Amino acid sequence: MDTLERLPIPLLEWFRDNARKLPWRDDPTPYHVWLSEIMLQQTRVAAVLDYYNRFLMEAPDVAALTVLPEERLMKLWQGLGYYSRARNLQKAAKVIVEEHGGRFPSDYAGIRALPGVGDYTAGAIWSIAFGQAVPAVDGNVLRVYARVCGDDGDITTPQMKKKVTQDLEKVIPVNAAGAFNQALMELGATVCLPNGAPLCERCPAKEFCAALSQERISELPVKAPKKPRRVEARTVWLIFRGNSVALRRRPGRGLLAGLWEFPSETGTGPFPRGWGIEARSNEYAGQAKHIFTHIEWHMTLRKVDADTDVLPLGWVWASGAELEQKYAVPNAFDQALGLAKERLDGGE
C-alpha cells in the first residue's frame with residue numbers, strides 16, 4: 001500500500017479524539033468557514049479567536065459585512081495585520097450580494113473567483129462547508145506531506161503544491177473531505193511542527209512516516225532560503241497637543257494602505273518643517289522594530305509637544321478614547337501606541 005493511502009483512517013481517528021474545539025467548527029456555515037480561514041492566514045489560531053467572535057457580533061452575515069463602515073472594519077481587524085484581507089472580505093461580500101443574490105456560491109469556481117480567495121481557501125470552504133472532496137493545501141499540509149512521504153521537493157514552489165494537491169485528491173475520503181482537510185491542518189499545527197521539533201510520539205502517522213524512519217525529520221520539508229529583508233530606518237513622531245495625539249492616514253495604496261499611523265519619515269533627521277507644526281519640545285522616547293514580509297522597520301520614537309492646533313490635510317487629533325475605539329493603528333506602531341495611551345491616560 002502506498003504511504004499516503006495509509007494516512008486517512010488513522011488521521012481521522014486521531015482528529016476525532018484530538019481536534020481543538022473552535023467556534024467555526026461548531027457551526028461550519030460557508031460564511032463562518034470563510035471568515036475563519038481569511039483570519040487564520042499568517043495568524044495563529046489562539047490570536048484569532050477573540051477577533052472572530054467580535055467580528056461576528058458586528059457582521060454576523062454577508063449582508064451585514066457589506067454595510068460595515070470601512071473605519072469600523074479596520075478597527076475590528078486592528079492587530080491581525082495584513083489589512084488587505086479585511087478589505088477583500090468586504091469586496092467579496094459585495095460580490096456575493098450583487099452577483100449571487102446574497103447566497104454564498106456553492107461551486108468551486110464561484111468560491112475561487114471571490115476577491116482574496118486562493119486555491120487553499122477555496123478548497124477549505126468547499127470541503128468543510130459543502131462536503132466536497134477537494135484538497136486544501138497550506139503550509140501545514142505541505143510539511144506533513146513532505147515528512148510522511150519523505151519528499152524532498154521544495155514546498156515553496158507551485159510545482160510541489162500542485163503535486164501534493166494531485167496526490168491528496170487520490171486519497172481524500174469522499175464522505176469525510178472536510179474532516180480530512182482539517183485533520184491534516186491540525187496535525188501540522190499541533191504535532192508535525194516546523195523547525196525540526198515535531199511531536200512524533202503523538203502522530204497518527206508515526207508507524208509509516210518516512211522522515212521518522214529515515215531520521216530525516218530536521219531535513220524535511222525542503223524550503224528555498226528566503227531573500228533577506230530590506231532594513232529601513234524610520235523616525236516616528238508622537239505629536240501631542242493637550243489631551244490629543246496626531247495621526248495621519250497612510251496612502252490608499254502600498255504598505256498599510258489607508259490605515260492611521262503616527263507620523264513617520266525614513267531616516268533619523270530633525271522634526272520635519274514641512275509639516276507646518278511648531279514644536280516646543282522634542283525628546284527621545286525609545287526604539288522599536290517591526291518585521292514585514294519583505295521589509296524591516298527600525299524605528300526611533302520621539303515625543304513632541306505642538307504649539308498649534310492646525311494639522312496638515314489628512315491628519316487628525318485623536319484622544320485616548322478615540323485611539324481605543326475609533327482609529328485603526330497597525331501593530332507596527334504598537335510601542336508608539338502604548339506610549340501615546342500612557343501619556344493621554346495621565347501617565348505623564
# chains A, B, ... in the order shown; residues from 1 in each chain; ligands from 1

call {"tool": "residues_around", "arguments": {"residues": "range 294-300 of chain A", "least_positions_apart": "3", "cutoff": "12 Å", "atoms": "only C-alpha atoms", "output": "MDAnalysis selection string"}}
result
chainID A and resid 226:238 255 262:270 283:291 303 332:336

call {"tool": "closest_atom_pairs", "arguments": {"of": "range 218-248 of chain A", "to": "range 310-329 of chain A", "cutoff": "12 Å", "atoms": "only C-alpha atoms", "output": "Markdown table"}}
result
| residue | atom | partner | partner_atom | distance |
| --- | --- | --- | --- | --- |
| A:Leu238 | CA | A:Trp317 | CA | 11.2 |
| A:Ile239 | CA | A:Trp317 | CA | 9.2 |
| A:Phe240 | CA | A:Trp317 | CA | 8.5 |
| A:Arg241 | CA | A:Trp317 | CA | 8.0 |
| A:Gly242 | CA | A:Ser319 | CA | 9.3 |
| A:Asn243 | CA | A:Ser319 | CA | 6.1 |
| A:Ser244 | CA | A:Ser319 | CA | 4.5 |
| A:Val245 | CA | A:Ala318 | CA | 5.3 |
| A:Ala246 | CA | A:Trp317 | CA | 4.7 |
| A:Leu247 | CA | A:Val316 | CA | 5.4 |
| A:Arg248 | CA | A:Trp315 | CA | 4.1 |

call {"tool": "atom_distance", "arguments": {"atom1": "CA of Ile128 in chain A", "atom2": "CA of Pro28 in chain A"}}
result
6.9 Å

call {"tool": "select_by_dssp", "arguments": {"residues": "range 159-303 of chain A", "states": "helix (DSSP H, G or I)", "output": "PyMOL selection string"}}
result
chain A and resi 159-171+174-190+200-202+210-213+273-275

call {"tool": "residues_around", "arguments": {"residues": "Pro194 in chain A", "least_positions_apart": "4", "cutoff": "10 Å", "atoms": "only C-alpha atoms", "output": "list in words"}}
result
Gly139, Asn140, Arg143, Val144, Gly188, Ala189, Thr190, Pro198, Ile217, Ser218, Leu220 and Pro221 of chain A

call {"tool": "closest_residue", "arguments": {"among": "A:Pro60, A:Phe55, A:Arg112, A:Pro173", "to": "Leu73 in chain A", "atoms": "only C-alpha atoms"}}
result
A:Phe55

call {"tool": "residues_around", "arguments": {"residues": "range 3-20 of chain A", "least_positions_apart": "3", "cutoff": "7 Å", "atoms": "only C-alpha atoms", "output": "MDAnalysis selection string"}}
result
chainID A and resid 149 171 180 183 204:205 208

call {"tool": "residues_around", "arguments": {"residues": "range 78-83 of chain A", "least_positions_apart": "5", "cutoff": "9 Å", "atoms": "only C-alpha atoms", "output": "PyMOL selection string"}}
result
chain A and resi 39+41-43+47-48+51+73+88+256-257+259+328-332+334

call {"tool": "closest_residue", "arguments": {"among": "A:Cys203, A:Val304, A:Ala177, A:Val95", "to": "Ala124 in chain A", "atoms": "only C-alpha atoms"}}
result
A:Ala177

call {"tool": "select_by_dssp", "arguments": {"residues": "range 66-308 of chain A", "states": "strand (DSSP E or B)", "output": "MDAnalysis selection string"}}
result
chainID A and resid 154 222 230:241 244:249 260:261 264:266 279:291 295:306

call {"tool": "write_last_selection", "arguments": {"atoms": "C-alpha atoms", "output": "CSV table (one decimal), in the first residue's frame"}}
result
chain,number,residue,atom,x,y,z
A,154,ASP,CA,10.9,22.4,-2.4
A,222,VAL,CA,12.8,21.4,2.0
A,230,ARG,CA,15.4,45.2,3.4
A,231,VAL,CA,16.1,47.2,6.6
A,232,GLU,CA,14.7,50.7,6.7
A,233,ALA,CA,15.4,53.2,9.5
A,234,ARG,CA,12.5,55.4,10.4
A,235,THR,CA,11.6,58.1,12.9
A,236,VAL,CA,8.2,58.0,14.4
A,237,TRP,CA,6.8,61.2,15.9
A,238,LEU,CA,4.3,61.3,18.8
A,239,ILE,CA,3.0,64.8,18.5
A,240,PHE,CA,0.8,65.9,21.4
A,241,ARG,CA,-1.5,68.8,21.9
A,244,SER,CA,-4.7,64.5,22.0
A,245,VAL,CA,-2.1,63.0,19.7
A,246,ALA,CA,-1.6,63.5,16.0
A,247,LEU,CA,-2.4,60.7,13.5
A,248,ARG,CA,-2.2,60.8,9.7
A,249,ARG,CA,-3.8,58.4,7.2
A,260,TRP,CA,-3.8,55.5,10.5
A,261,GLU,CA,-0.3,56.0,11.7
A,264,SER,CA,6.9,58.9,10.5
A,265,GLU,CA,9.6,59.6,8.0
A,266,THR,CA,12.5,57.5,6.7
A,279,ALA,CA,7.3,72.1,18.3
A,280,ARG,CA,8.2,73.4,21.7
A,281,SER,CA,9.7,70.1,22.9
A,282,ASN,CA,11.3,67.2,21.1
A,283,GLU,CA,12.6,64.2,23.2
A,284,TYR,CA,13.8,60.7,22.5
A,285,ALA,CA,11.2,58.1,23.5
A,286,GLY,CA,12.8,54.8,22.6
A,287,GLN,CA,13.4,52.3,19.9
A,288,ALA,CA,11.1,49.8,18.2
A,289,LYS,CA,11.3,47.2,15.4
A,290,HIS,CA,8.7,45.7,13.2
A,291,ILE,CA,9.1,42.9,10.6
A,295,ILE,CA,11.0,44.9,4.8
A,296,GLU,CA,12.1,45.5,8.4
A,297,TRP,CA,11.5,48.8,10.1
A,298,HIS,CA,14.0,50.0,12.7
A,299,MET,CA,12.2,52.9,14.4
A,300,THR,CA,13.3,55.7,16.6
A,301,LEU,CA,10.4,57.1,18.6
A,302,ARG,CA,10.3,60.8,19.6
A,303,LYS,CA,7.8,62.8,21.6
A,304,VAL,CA,6.9,66.3,20.5
A,305,ASP,CA,4.6,68.9,22.1
A,306,ALA,CA,3.0,71.1,19.5

call {"tool": "closest_residue", "arguments": {"among": "A:Leu35, A:Gly131, A:Leu49, A:Leu40", "to": "Ala93 in chain A", "atoms": "only C-alpha atoms"}}
result
A:Leu35

call {"tool": "closest_residue", "arguments": {"among": "A:Leu339, A:Ile277, A:Cys192, A:Val117", "to": "Asp307 in chain A", "atoms": "only C-alpha atoms"}}
result
A:Ile277
